[in-house]
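Asker: Dropping in final15.txt, which is compact mmCIF, C-alpha atoms and all ligand atoms:
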# COMPACT_ATOMS: atom_id res chain seq x y z
CA MET Q 1 -131.28 -2.22 -53.33
CA ILE Q 2 -130.69 -5.04 -50.82
CA LYS Q 3 -127.02 -5.92 -50.74
CA ILE Q 4 -125.57 -9.41 -50.77
CA PRO Q 5 -122.68 -9.41 -48.30
CA PHE Q 6 -119.51 -11.39 -48.88
CA VAL Q 7 -120.04 -13.06 -45.49
CA ASP Q 8 -123.26 -12.67 -43.47
CA LEU Q 9 -122.32 -12.98 -39.80
CA GLN Q 10 -125.56 -11.32 -38.71
CA ALA Q 11 -127.58 -14.20 -40.20
CA GLN Q 12 -125.40 -16.71 -38.32
CA HIS Q 13 -125.71 -14.90 -35.01
CA ARG Q 14 -129.47 -14.33 -35.28
CA ALA Q 15 -129.88 -18.11 -35.37
CA LEU Q 16 -127.55 -18.67 -32.37
CA ARG Q 17 -128.46 -15.77 -30.12
CA ALA Q 18 -130.59 -17.87 -27.76
CA GLU Q 19 -127.58 -20.12 -27.09
CA ILE Q 20 -124.73 -17.60 -27.15
CA GLU Q 21 -126.14 -14.95 -24.83
CA PRO Q 22 -126.81 -17.17 -21.78
CA ALA Q 23 -123.35 -18.75 -22.20
CA MET Q 24 -121.74 -15.31 -22.12
CA GLN Q 25 -123.84 -14.22 -19.14
CA ALA Q 26 -122.77 -17.31 -17.19
CA ILE Q 27 -119.10 -16.41 -17.72
CA ILE Q 28 -119.67 -12.79 -16.71
CA THR Q 29 -121.38 -14.06 -13.54
CA ASP Q 30 -118.58 -16.54 -12.78
CA CYS Q 31 -115.76 -14.10 -13.72
CA ASN Q 32 -113.57 -17.02 -14.84
CA PHE Q 33 -112.26 -14.87 -17.68
CA ILE Q 34 -108.73 -16.21 -18.24
CA LEU Q 35 -108.29 -19.89 -19.19
CA GLY Q 36 -111.62 -20.73 -17.55
CA ALA Q 37 -113.36 -24.10 -17.84
CA PRO Q 38 -114.98 -23.18 -21.20
CA VAL Q 39 -111.49 -22.96 -22.74
CA VAL Q 40 -110.65 -26.52 -21.67
CA GLU Q 41 -114.08 -27.73 -22.81
CA PHE Q 42 -113.60 -26.17 -26.23
CA GLU Q 43 -110.03 -27.48 -26.54
CA ASN Q 44 -111.27 -30.99 -25.79
CA ALA Q 45 -114.17 -30.72 -28.24
CA PHE Q 46 -111.91 -29.35 -30.97
CA ALA Q 47 -109.29 -32.07 -30.37
CA ARG Q 48 -112.01 -34.69 -30.85
CA PHE Q 49 -113.22 -32.91 -33.98
CA VAL Q 50 -109.72 -32.92 -35.52
CA GLU Q 51 -108.99 -36.41 -34.14
CA VAL Q 52 -105.84 -35.39 -32.27
CA LYS Q 53 -104.69 -35.81 -28.66
CA HIS Q 54 -104.14 -32.14 -27.88
CA ALA Q 55 -105.61 -28.77 -28.76
CA VAL Q 56 -104.08 -25.59 -27.30
CA GLY Q 57 -106.15 -22.42 -27.55
CA VAL Q 58 -104.24 -19.21 -28.30
CA GLY Q 59 -104.96 -15.57 -29.10
CA ASN Q 60 -105.24 -15.75 -32.91
CA GLY Q 61 -104.13 -17.65 -36.00
CA LEU Q 62 -100.87 -15.77 -36.43
CA ASP Q 63 -99.86 -16.60 -32.86
CA ALA Q 64 -100.81 -20.26 -33.45
CA LEU Q 65 -98.31 -20.35 -36.33
CA ARG Q 66 -95.59 -18.42 -34.51
CA LEU Q 67 -95.89 -20.46 -31.29
CA SER Q 68 -95.71 -23.69 -33.32
CA LEU Q 69 -92.42 -22.54 -34.82
CA GLU Q 70 -91.15 -21.46 -31.39
CA ALA Q 71 -92.11 -24.82 -29.90
CA LEU Q 72 -89.92 -26.46 -32.57
CA ASP Q 73 -87.05 -24.11 -31.63
CA ILE Q 74 -86.97 -22.49 -35.07
CA CYS Q 75 -84.13 -19.96 -34.73
CA PRO Q 76 -82.68 -16.94 -36.55
CA GLY Q 77 -81.06 -18.15 -39.77
CA ASP Q 78 -83.32 -21.18 -40.16
CA GLU Q 79 -85.41 -21.38 -43.31
CA VAL Q 80 -89.11 -22.18 -43.46
CA ILE Q 81 -91.01 -22.84 -46.71
CA VAL Q 82 -94.33 -21.07 -47.29
CA PRO Q 83 -96.55 -20.79 -50.40
CA ALA Q 84 -96.40 -17.52 -52.35
CA ASN Q 85 -100.19 -17.25 -52.50
CA THR Q 86 -101.42 -17.14 -48.91
CA TYR Q 87 -102.53 -14.67 -46.30
CA ILE Q 88 -99.47 -12.75 -45.04
CA ALA Q 89 -99.77 -14.33 -41.56
CA THR Q 90 -98.23 -17.59 -42.79
CA ALA Q 91 -95.02 -15.77 -43.75
CA LEU Q 92 -95.10 -13.30 -40.84
CA ALA Q 93 -95.02 -16.11 -38.29
CA VAL Q 94 -91.67 -17.19 -39.77
CA THR Q 95 -90.37 -13.61 -39.82
CA GLN Q 96 -91.42 -13.07 -36.19
CA CYS Q 97 -89.17 -16.00 -35.22
CA LYS Q 98 -86.36 -14.21 -37.12
CA ALA Q 99 -86.18 -17.17 -39.48
CA ASN Q 100 -86.09 -16.74 -43.25
CA VAL Q 101 -89.14 -17.15 -45.47
CA ARG Q 102 -88.61 -19.32 -48.56
CA LEU Q 103 -91.49 -19.20 -51.02
CA VAL Q 104 -92.83 -21.80 -53.45
CA ASP Q 105 -95.41 -21.27 -56.18
CA CYS Q 106 -98.86 -22.84 -56.19
CA ASP Q 107 -100.57 -25.23 -58.57
CA ALA Q 108 -102.58 -23.39 -61.24
CA ALA Q 109 -105.49 -25.85 -61.09
CA THR Q 110 -105.96 -26.55 -57.36
CA LEU Q 111 -104.46 -23.21 -56.14
CA GLU Q 112 -102.64 -25.19 -53.41
CA LEU Q 113 -98.88 -25.32 -52.79
CA ASP Q 114 -97.11 -27.08 -55.68
CA ALA Q 115 -95.27 -29.93 -53.95
CA GLY Q 116 -93.29 -30.57 -57.14
CA LEU Q 117 -91.36 -27.34 -56.53
CA LEU Q 118 -90.33 -28.03 -52.93
CA GLU Q 119 -87.06 -29.88 -53.50
CA LYS Q 120 -85.59 -26.93 -55.42
CA VAL Q 121 -85.88 -24.57 -52.43
CA ILE Q 122 -84.70 -26.95 -49.71
CA THR Q 123 -81.24 -26.11 -48.35
CA PRO Q 124 -79.27 -27.41 -45.34
CA LYS Q 125 -80.87 -24.55 -43.35
CA THR Q 126 -84.45 -25.57 -44.11
CA LYS Q 127 -86.24 -26.66 -40.94
CA ALA Q 128 -89.96 -26.72 -41.76
CA ILE Q 129 -92.66 -26.47 -44.40
CA ILE Q 130 -95.96 -24.70 -43.77
CA PRO Q 131 -98.48 -25.98 -46.32
CA VAL Q 132 -101.66 -23.88 -46.31
CA HIS Q 133 -105.02 -25.59 -46.87
CA LEU Q 134 -106.11 -22.62 -48.93
CA THR Q 135 -109.79 -21.83 -49.61
CA GLY Q 136 -110.94 -24.85 -47.54
CA GLN Q 137 -109.34 -27.57 -49.67
CA ALA Q 138 -106.34 -29.56 -48.39
CA ALA Q 139 -102.85 -29.03 -49.75
CA ASP Q 140 -101.56 -32.22 -51.40
CA MET Q 141 -100.10 -33.60 -48.17
CA ASP Q 142 -98.69 -37.00 -49.18
CA PRO Q 143 -95.93 -35.68 -51.48
CA ILE Q 144 -95.23 -32.88 -48.99
CA LEU Q 145 -94.89 -35.37 -46.12
CA ALA Q 146 -92.66 -37.65 -48.23
CA ILE Q 147 -90.26 -34.80 -49.05
CA ALA Q 148 -90.33 -33.58 -45.44
CA LYS Q 149 -89.47 -37.05 -44.18
CA GLN Q 150 -86.62 -37.44 -46.65
CA HIS Q 151 -85.09 -34.09 -45.63
CA LYS Q 152 -86.05 -34.36 -41.92
CA LEU Q 153 -88.29 -31.28 -41.98
CA HIS Q 154 -91.24 -30.47 -39.74
CA VAL Q 155 -94.62 -29.92 -41.35
CA ILE Q 156 -96.88 -27.33 -39.75
CA GLU Q 157 -100.32 -27.18 -41.34
CA ASP Q 158 -101.86 -23.73 -41.74
CA ALA Q 159 -105.47 -24.87 -41.35
CA ALA Q 160 -106.90 -21.36 -40.79
CA GLN Q 161 -109.26 -21.93 -43.75
CA ALA Q 162 -109.82 -25.68 -43.21
CA HIS Q 163 -111.85 -26.38 -40.04
CA GLY Q 164 -113.22 -29.80 -40.93
CA THR Q 165 -111.51 -30.48 -44.26
CA LEU Q 166 -110.46 -34.11 -44.73
CA TYR Q 167 -107.42 -35.22 -46.73
CA LYS Q 168 -107.69 -38.93 -47.54
CA LYS Q 169 -110.21 -39.17 -44.68
CA ARG Q 170 -107.85 -37.51 -42.17
CA PRO Q 171 -108.81 -34.12 -40.72
CA CYS Q 172 -106.56 -31.21 -41.64
CA GLY Q 173 -104.61 -30.30 -38.53
CA SER Q 174 -103.99 -33.98 -37.67
CA ILE Q 175 -101.57 -34.74 -40.52
CA GLY Q 176 -98.43 -32.69 -39.83
CA THR Q 177 -96.46 -32.19 -36.60
CA MET Q 178 -98.90 -29.44 -35.65
CA GLY Q 179 -101.99 -27.80 -37.13
CA CYS Q 180 -102.79 -24.10 -36.75
CA PHE Q 181 -106.32 -22.70 -36.75
CA SER Q 182 -107.76 -19.19 -36.68
CA PHE Q 183 -111.18 -18.28 -35.30
CA TYR Q 184 -111.22 -14.82 -36.88
CA PRO Q 185 -114.97 -14.01 -37.20
CA GLY Q 186 -115.11 -14.61 -40.98
CA LYS Q 187 -113.55 -18.10 -40.93
CA ASN Q 188 -115.74 -21.22 -41.27
CA LEU Q 189 -115.57 -21.43 -37.47
CA GLY Q 190 -115.23 -17.91 -36.11
CA GLY Q 191 -115.61 -16.26 -32.71
CA CYS Q 192 -117.02 -12.86 -31.78
CA GLY Q 193 -113.45 -11.54 -31.77
CA ASP Q 194 -109.99 -13.01 -32.25
CA GLY Q 195 -109.00 -16.56 -31.41
CA GLY Q 196 -106.68 -19.34 -32.54
CA LEU Q 197 -105.64 -22.89 -31.69
CA ILE Q 198 -102.89 -25.44 -32.27
CA THR Q 199 -103.53 -29.17 -32.66
CA THR Q 200 -100.92 -31.91 -32.13
CA ASN Q 201 -100.53 -35.55 -31.16
CA ASP Q 202 -97.18 -34.84 -29.50
CA ASP Q 203 -97.43 -34.66 -25.68
CA LYS Q 204 -94.18 -32.70 -25.25
CA LEU Q 205 -95.05 -30.12 -27.90
CA ALA Q 206 -98.50 -29.64 -26.36
CA GLU Q 207 -96.96 -29.01 -22.95
CA ARG Q 208 -94.45 -26.58 -24.46
CA LEU Q 209 -97.22 -24.71 -26.28
CA ARG Q 210 -99.26 -24.38 -23.06
CA SER Q 211 -96.20 -22.89 -21.40
CA LEU Q 212 -95.31 -20.54 -24.29
CA ARG Q 213 -98.85 -19.12 -24.53
CA ASN Q 214 -98.92 -18.33 -20.81
CA TYR Q 215 -95.68 -16.56 -19.82
CA GLY Q 216 -93.55 -19.68 -19.89
CA GLN Q 217 -94.91 -20.83 -16.56
CA ARG Q 218 -95.16 -24.40 -15.41
CA VAL Q 219 -97.15 -23.45 -12.33
CA LYS Q 220 -98.21 -19.95 -11.37
CA TYR Q 221 -95.22 -17.59 -10.87
CA GLU Q 222 -92.69 -20.28 -11.75
CA HIS Q 223 -91.36 -19.32 -15.18
CA VAL Q 224 -89.24 -22.02 -16.78
CA GLU Q 225 -88.76 -20.23 -20.11
CA LEU Q 226 -89.35 -16.91 -21.85
CA GLY Q 227 -92.97 -17.20 -22.87
CA GLY Q 228 -95.56 -14.61 -23.83
CA ASN Q 229 -99.24 -13.94 -23.51
CA SER Q 230 -101.49 -15.48 -26.14
CA ARG Q 231 -104.44 -17.24 -24.53
CA LEU Q 232 -107.78 -18.15 -26.07
CA ASP Q 233 -110.34 -15.91 -24.37
CA THR Q 234 -112.91 -17.71 -22.21
CA LEU Q 235 -115.89 -15.88 -23.75
CA GLN Q 236 -114.67 -16.77 -27.24
CA ALA Q 237 -114.17 -20.41 -26.24
CA ALA Q 238 -117.76 -20.67 -24.98
CA ILE Q 239 -119.08 -19.17 -28.24
CA LEU Q 240 -116.83 -21.43 -30.33
CA SER Q 241 -118.10 -24.56 -28.50
CA ILE Q 242 -121.67 -23.64 -29.47
CA LYS Q 243 -120.67 -22.97 -33.07
CA LEU Q 244 -118.51 -26.10 -33.40
CA ARG Q 245 -121.66 -28.23 -33.08
CA LYS Q 246 -123.08 -26.52 -36.18
CA LEU Q 247 -119.87 -26.59 -38.20
CA PRO Q 248 -120.41 -29.90 -40.09
CA ASP Q 249 -123.82 -28.68 -41.34
CA TRP Q 250 -122.39 -25.28 -42.22
CA ASN Q 251 -119.52 -26.83 -44.17
CA GLU Q 252 -121.97 -29.03 -46.10
CA ALA Q 253 -124.13 -26.02 -46.93
CA ARG Q 254 -121.07 -24.16 -48.27
CA TYR Q 255 -120.22 -27.18 -50.45
CA ARG Q 256 -123.77 -27.27 -51.86
CA HIS Q 257 -123.63 -23.53 -52.62
CA ALA Q 258 -120.30 -23.99 -54.42
CA GLN Q 259 -121.73 -26.76 -56.61
CA ARG Q 260 -124.72 -24.54 -57.41
CA TYR Q 261 -122.39 -21.67 -58.41
CA ARG Q 262 -120.47 -24.09 -60.65
CA GLU Q 263 -123.67 -25.33 -62.34
CA LEU Q 264 -125.04 -21.86 -62.96
CA LEU Q 265 -121.74 -20.36 -64.14
CA LYS Q 266 -120.54 -23.22 -66.34
CA GLY Q 267 -119.33 -21.90 -69.69
CA VAL Q 268 -120.12 -18.28 -68.82
CA GLY Q 269 -117.64 -15.77 -70.28
CA ASP Q 270 -114.01 -16.76 -69.70
CA LEU Q 271 -114.69 -17.98 -66.14
CA GLU Q 272 -112.50 -20.71 -64.72
CA PHE Q 273 -112.94 -22.56 -61.44
CA GLN Q 274 -110.65 -24.09 -58.86
CA THR Q 275 -110.07 -27.80 -59.57
CA GLU Q 276 -111.25 -30.01 -56.72
CA ASN Q 277 -108.61 -32.47 -55.58
CA PRO Q 278 -110.29 -35.91 -55.26
CA ASP Q 279 -108.01 -36.67 -52.27
CA SER Q 280 -109.57 -33.82 -50.30
CA THR Q 281 -112.99 -32.70 -49.20
CA HIS Q 282 -113.66 -28.99 -49.73
CA ILE Q 283 -115.37 -26.84 -47.11
CA TYR Q 284 -115.37 -23.77 -49.37
CA HIS Q 285 -114.11 -21.12 -47.01
CA LEU Q 286 -113.78 -19.26 -50.31
CA PHE Q 287 -115.44 -19.79 -53.68
CA ILE Q 288 -113.04 -18.36 -56.25
CA VAL Q 289 -113.64 -17.77 -59.96
CA GLN Q 290 -110.98 -16.61 -62.37
CA SER Q 291 -111.38 -14.14 -65.23
CA LEU Q 292 -109.09 -11.96 -67.29
CA GLN Q 293 -111.69 -9.22 -66.74
CA ARG Q 294 -111.67 -9.62 -62.97
CA ASP Q 295 -111.54 -5.92 -62.08
CA GLN Q 296 -114.36 -4.93 -64.45
CA LEU Q 297 -116.44 -7.91 -63.30
CA GLN Q 298 -115.90 -6.94 -59.67
CA ARG Q 299 -117.01 -3.36 -60.40
CA HIS Q 300 -120.12 -4.65 -62.16
CA LEU Q 301 -121.02 -6.81 -59.14
CA THR Q 302 -120.33 -3.99 -56.67
CA ALA Q 303 -122.66 -1.72 -58.64
CA ALA Q 304 -125.31 -4.47 -58.43
CA GLY Q 305 -124.96 -4.56 -54.63
CA ILE Q 306 -122.95 -7.78 -54.55
CA GLU Q 307 -119.90 -7.80 -52.30
CA THR Q 308 -116.87 -9.83 -53.45
CA GLY Q 309 -113.28 -10.30 -52.27
CA ILE Q 310 -109.82 -11.02 -53.70
CA HIS Q 311 -107.71 -13.68 -51.97
CA TYR Q 312 -105.14 -12.41 -52.47
CA PRO Q 313 -104.45 -9.41 -54.71
CA ILE Q 314 -100.69 -9.27 -53.95
CA PRO Q 315 -98.59 -12.43 -53.52
CA ILE Q 316 -96.18 -12.44 -50.56
CA HIS Q 317 -93.09 -11.69 -52.69
CA ARG Q 318 -94.76 -8.55 -54.16
CA GLN Q 319 -95.69 -7.10 -50.75
CA ALA Q 320 -93.78 -3.94 -49.82
CA ALA Q 321 -93.31 -5.40 -46.33
CA TYR Q 322 -91.32 -8.25 -47.90
CA LYS Q 323 -89.18 -6.25 -50.33
CA ASP Q 324 -86.09 -7.49 -48.47
CA LEU Q 325 -86.77 -11.02 -49.67
CA ASN Q 326 -85.45 -9.75 -53.01
CA TYR Q 327 -87.75 -11.87 -55.10
CA SER Q 328 -88.36 -10.28 -58.49
CA LEU Q 329 -91.42 -10.20 -60.70
CA GLY Q 330 -91.84 -13.46 -62.61
CA MET Q 331 -90.35 -15.74 -59.96
CA PHE Q 332 -93.72 -17.16 -58.93
CA PRO Q 333 -95.64 -16.90 -62.19
CA VAL Q 334 -98.69 -18.91 -61.11
CA ALA Q 335 -99.27 -16.86 -57.96
CA GLU Q 336 -98.73 -13.64 -59.93
CA ARG Q 337 -101.16 -14.63 -62.66
CA LEU Q 338 -103.78 -15.74 -60.13
CA ALA Q 339 -103.46 -12.49 -58.20
CA GLY Q 340 -104.73 -10.60 -61.24
CA ARG Q 341 -107.54 -13.03 -62.08
CA MET Q 342 -109.10 -14.37 -58.89
CA LEU Q 343 -112.42 -13.15 -57.52
CA SER Q 344 -114.12 -14.61 -54.43
CA LEU Q 345 -117.94 -14.68 -54.62
CA PRO Q 346 -120.25 -14.35 -51.59
CA MET Q 347 -119.96 -17.55 -49.56
CA PHE Q 348 -121.53 -18.36 -46.22
CA PRO Q 349 -123.78 -21.22 -45.02
CA GLU Q 350 -126.97 -19.12 -44.88
CA LEU Q 351 -126.67 -18.08 -48.55
CA THR Q 352 -130.09 -18.61 -50.21
CA GLU Q 353 -130.92 -19.91 -53.69
CA ALA Q 354 -132.30 -16.44 -54.49
CA GLN Q 355 -129.00 -14.84 -53.48
CA ILE Q 356 -126.98 -17.36 -55.48
CA THR Q 357 -129.03 -16.77 -58.63
CA ARG Q 358 -128.81 -13.02 -58.16
CA VAL Q 359 -125.02 -13.34 -58.11
CA THR Q 360 -124.88 -15.68 -61.11
CA ASP Q 361 -127.48 -13.69 -63.11
CA SER Q 362 -125.42 -10.56 -62.54
CA ILE Q 363 -122.26 -12.33 -63.74
CA ARG Q 364 -124.08 -13.65 -66.84
CA GLU Q 365 -125.39 -10.15 -67.47
CA TYR Q 366 -121.82 -8.83 -67.33
CA PHE Q 367 -120.67 -11.33 -69.95
CA GLY Q 368 -123.82 -10.71 -72.05
CA ASP Q 369 -124.85 -14.31 -71.65
CA ASN Q 370 -128.44 -14.05 -70.43
CA ASN Q 371 -129.80 -17.06 -72.27
CA GLY Q 372 -126.77 -19.35 -71.76
C1 LIG L 1 -106.84 -15.93 -41.32
C2 LIG L 1 -105.58 -16.61 -41.65
C3 LIG L 1 -104.47 -16.57 -40.79
C4 LIG L 1 -104.38 -15.67 -39.60
O1 LIG L 1 -105.36 -15.79 -38.65
P1 LIG L 1 -105.62 -14.57 -37.63
O2 LIG L 1 -106.50 -15.21 -36.60
O3 LIG L 1 -106.30 -13.49 -38.39
O4 LIG L 1 -104.31 -14.15 -37.07
C5 LIG L 1 -103.36 -17.32 -41.13
N1 LIG L 1 -103.32 -18.05 -42.25
C6 LIG L 1 -104.36 -18.10 -43.12
C7 LIG L 1 -104.25 -18.93 -44.35
C8 LIG L 1 -105.51 -17.36 -42.86
O5 LIG L 1 -106.54 -17.41 -43.73
Now that the file is in, can you turn its structure into structure tokens?
Ligand SMILES: *Cc1c(COP(=O)(O)O)cnc(C)c1O
Answerer:
Amino acid sequence: MIKIPFVDLQAQHRALRAEIEPAMQAIITDCNFILGAPVVEFENAFARFVEVKHAVGVGNGLDALRLSLEALDICPGDEVIVPANTYIATALAVTQCKANVRLVDCDAATLELDAGLLEKVITPKTKAIIPVHLTGQAADMDPILAIAKQHKLHVIEDAAQAHGTLYKKRPCGSIGTMGCFSFYPGKNLGGCGDGGLITTNDDKLAERLRSLRNYGQRVKYEHVELGGNSRLDTLQAAILSIKLRKLPDWNEARYRHAQRYRELLKGVGDLEFQTENPDSTHIYHLFIVQSLQRDQLQRHLTAAGIETGIHYPIPIHRQAAYKDLNYSLGMFPVAERLAGRMLSLPMFPELTEAQITRVTDSIREYFGDNNG
């Protein structure tokens, strides 16, 4: 039985091999491994793509988030608001700055942070909000920005799943004070290893971020602050520049696949779909369905050779690592309910019509709805 992977990186790389390999060989010949010219070239290309003045390449998405908080001087005791349904990195960045994570629930329809709940968790110690553009759709930024402005809070966008998403025609990553991206291989734009980047229109913050990612140095061996080491690798930057040119087409292909899934799965079993926010485009990093029979459905698909994922099975407040937050069961009912119902179907640009129908036929078969 030929499997359908959740993400098919091999298909992507087969198509790009002729471009990627010479680019890597050139770097190995030049030996400009750390912050070489390809890093600057990629930063400039990505800044243009997100329509911002500055892009600062870093080691990974978690570091992008943490360095953004450090650049804003988020300190121990400060509070930062994060959605309860996100990848743990969003919360960990706050914890790594020794600041306190404050969670808010998400909207049951769009799955994005519920801006209507923000005011309740804001205290005099709150310094920032990190909305996550989860699944490739933008968080509802206007109400978030309005509340942030009123309470003088920074907004850091977690755009690790939103490379190219537009909110009211503005690219995600250009809307808040800073935008944080991950180039983990499985993201819409992914390297052949780890990578991350921060976008901003603020000259001072960009300069600070460049210092913080590189040992706090202004010029070599002159260290003006306590920085660290989190630099975007030159090889990764060269690969990412090649892939960035394909990204708009890839994102469109994902959108088409998502609409096809919706057509073929409409009315099947108890399936529910994420509501698309008309204010946002959707680049479908993830295509999520919801069912009360999620676990059985996932087992059925696995047995049929179809790989699926769950994003995410345990909300932040239910993670053992965060037991000290002292949030109890029932405090974030939407995130908790979603955690038991969500299933992510195979989603990647190279997905074929035959693969899509194999997935949807298998789901129909599970629900006994072959003629639907
Ligand atoms: C992937 C991801 C991150 C972390 O990125 P890494 O590069 O793996 O550190 C952060 N936030 C979200 C929402 C993500 O999906």
Asker: Mind dumping a table of every chain Q residue within 7 Å of ligand LIG 1 (chain L), with the nearest atom pair and its distance in Å to one decimal, using all atoms listed in the file, sorted by chain and rising number, as a Markdown table?
Answerer:
| residue | atom | partner | partner_atom | distance |
| --- | --- | --- | --- | --- |
| Q:Asn60 | CA | L:LIG1 | O2 | 3.9 |
| Q:Gly61 | CA | L:LIG1 | O2 | 3.5 |
| Q:Leu62 | CA | L:LIG1 | O4 | 3.9 |
| Q:Asp63 | CA | L:LIG1 | O4 | 6.6 |
| Q:Thr86 | CA | L:LIG1 | C7 | 5.7 |
| Q:Tyr87 | CA | L:LIG1 | C7 | 5.0 |
| Q:Ala89 | CA | L:LIG1 | C5 | 4.7 |
| Q:Thr90 | CA | L:LIG1 | N1 | 5.1 |
| Q:Val132 | CA | L:LIG1 | C7 | 5.9 |
| Q:Leu134 | CA | L:LIG1 | C7 | 6.2 |
| Q:Asp158 | CA | L:LIG1 | N1 | 5.9 |
| Q:Ala159 | CA | L:LIG1 | C7 | 6.8 |
| Q:Ala160 | CA | L:LIG1 | C8 | 4.7 |
| Q:Gln161 | CA | L:LIG1 | O5 | 5.3 |
| Q:Ser182 | CA | L:LIG1 | O2 | 4.2 |
| Q:Phe183 | CA | L:LIG1 | O2 | 5.7 |
| Q:Tyr184 | CA | L:LIG1 | O2 | 4.7 |
| Q:Asp194 | CA | L:LIG1 | O2 | 6.0 |
| Q:Gly195 | CA | L:LIG1 | O2 | 5.9 |
| Q:Gly196 | CA | L:LIG1 | O2 | 5.8 |
Asker: For each of Q:Ala138, Q:Leu232, Q:Ala303, Q:Met342, take the minimum atom-to-atom distance to Q:Ile283, counting only C-alpha atoms, then give the residue where this is smallest.
Answerer: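 Once distances to Q:Ile283 are computed over only C-alpha atoms, the minimum belongs to Q:Ala138.
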Asker: Between Q:Thr200, Q:Asn251, Q:Ser68, Q:Gln96, which has the minimum distance to Q:Gly164 (counting all atoms listed in the file)?
Answerer: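 Selected residue with least distance to Q:Gly164: Q:Asn251.
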Asker: Using all atoms listed in the file, which residue out of Q:Ile242, Q:Ile129, Q:Leu286, Q:Ile363 lies closest to Q:Leu111?
Answerer: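 Residue with the minimum atom-to-atom distance to Q:Leu111: Q:Leu286.
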Asker: Calculated over only C-alpha atoms, which of the candidates Q:Met347, Q:Ile28, Q:Ala335, Q:Ile306 has the smallest distance to Q:Leu103?
Answerer: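 Nearest candidate to Q:Leu103 out of Q:Met347, Q:Ile28, Q:Ala335, Q:Ile306: Q:Ala335.
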Asker: Which of these, Q:Glu365, Q:Leu35, Q:Cys106, Q:His154, has the shortest distance to Q:Glu79 once you count only C-alpha atoms?
Answerer: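 Smallest separation from Q:Glu79 among the options: Q:His154.
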Asker: Excluding Q:Ala128 and residues on its chain fewer than 5 positions from it, collect all residues at most 9 Å away from it, counting all atoms listed in the file, and give them as a list in words.
Answerer: Leu69, Ile74, Asp78, Glu79, Val80, Ile81, Ala148, Lys152, Leu153, His154, Val155 and Ile156 of chain Q
Asker: Between Q:Leu235, Q:Cys172, Q:Cys180, Q:Val121, which residue has the minimum interatomic distance to Q:His151, considering all atoms listed in the file?
Answerer: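 Of Q:Leu235, Q:Cys172, Q:Cys180, Q:Val121, the one nearest Q:His151, counting all atoms listed in the file, is Q:Val121.
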Asker: Any idea what's packed within 12 Å of Q:Arg358, counting only C-alpha atoms, ignoring anything in its chain fewer than 4 positions away? Could you give it as a PyMOL selection string?
Answerer: chain Q and resi 2-4+261+264-265+301+304-307+345-346+351-354+362-365
Asker: Show me, as lines of an AutoDock Vina configuration file, the centre and edge lengths in Å to one decimal of the axis-aligned box that covers every listed atom of stretch 99-104 of chain Q with 3 Å on each side.
Answerer:
center_x = -89.5
center_y = -19.3
center_z = -46.5
size_x = 12.7
size_y = 11.1
size_z = 20.0
Asker: Record the distance separating atom CA of Q:Trp250 and atom CA of Q:Phe348, expressed in Å with one decimal.
Answerer: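 Going from atom CA of Q:Trp250 over to atom CA of Q:Phe348 covers 8.0 Å.
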Asker: Compile the contact shell of stretch 268-278 of chain Q as a list in words: residues with an atom at most 8 Å away, counting only C-alpha atoms, same-chain residues fewer than 3 positions apart removed.
Answerer: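 Contacts, in chain order: Ala109, Thr110, Leu111, Gln137, Arg262, Leu265, Thr281, His282, Ile288, Val289, Gln290, Ser291, Leu292, Arg364, Phe367, Asp369 and Gly372 of chain Q.
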Asker: From (-96.7, -25.6, -47.8), in the file's coordinates, out to 6 Å: which residues are reached, counting all atoms listed in the file? Answer as a PyMOL selection string.
Answerer: chain Q and resi 82-83+113+129-132
Asker: Just give me the gap between atom CA of Q:Lys120 and atom CA of Q:Val104 in Å, one decimal is fine.
Answerer: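 These two atoms are separated by 9.1 Å.
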Asker: In Å, with one decimal, what is the gap from atom CA of Q:Asp105 to atom CA of Q:Arg318?
Answerer: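 That distance, rounded to one decimal, is 12.9 Å.
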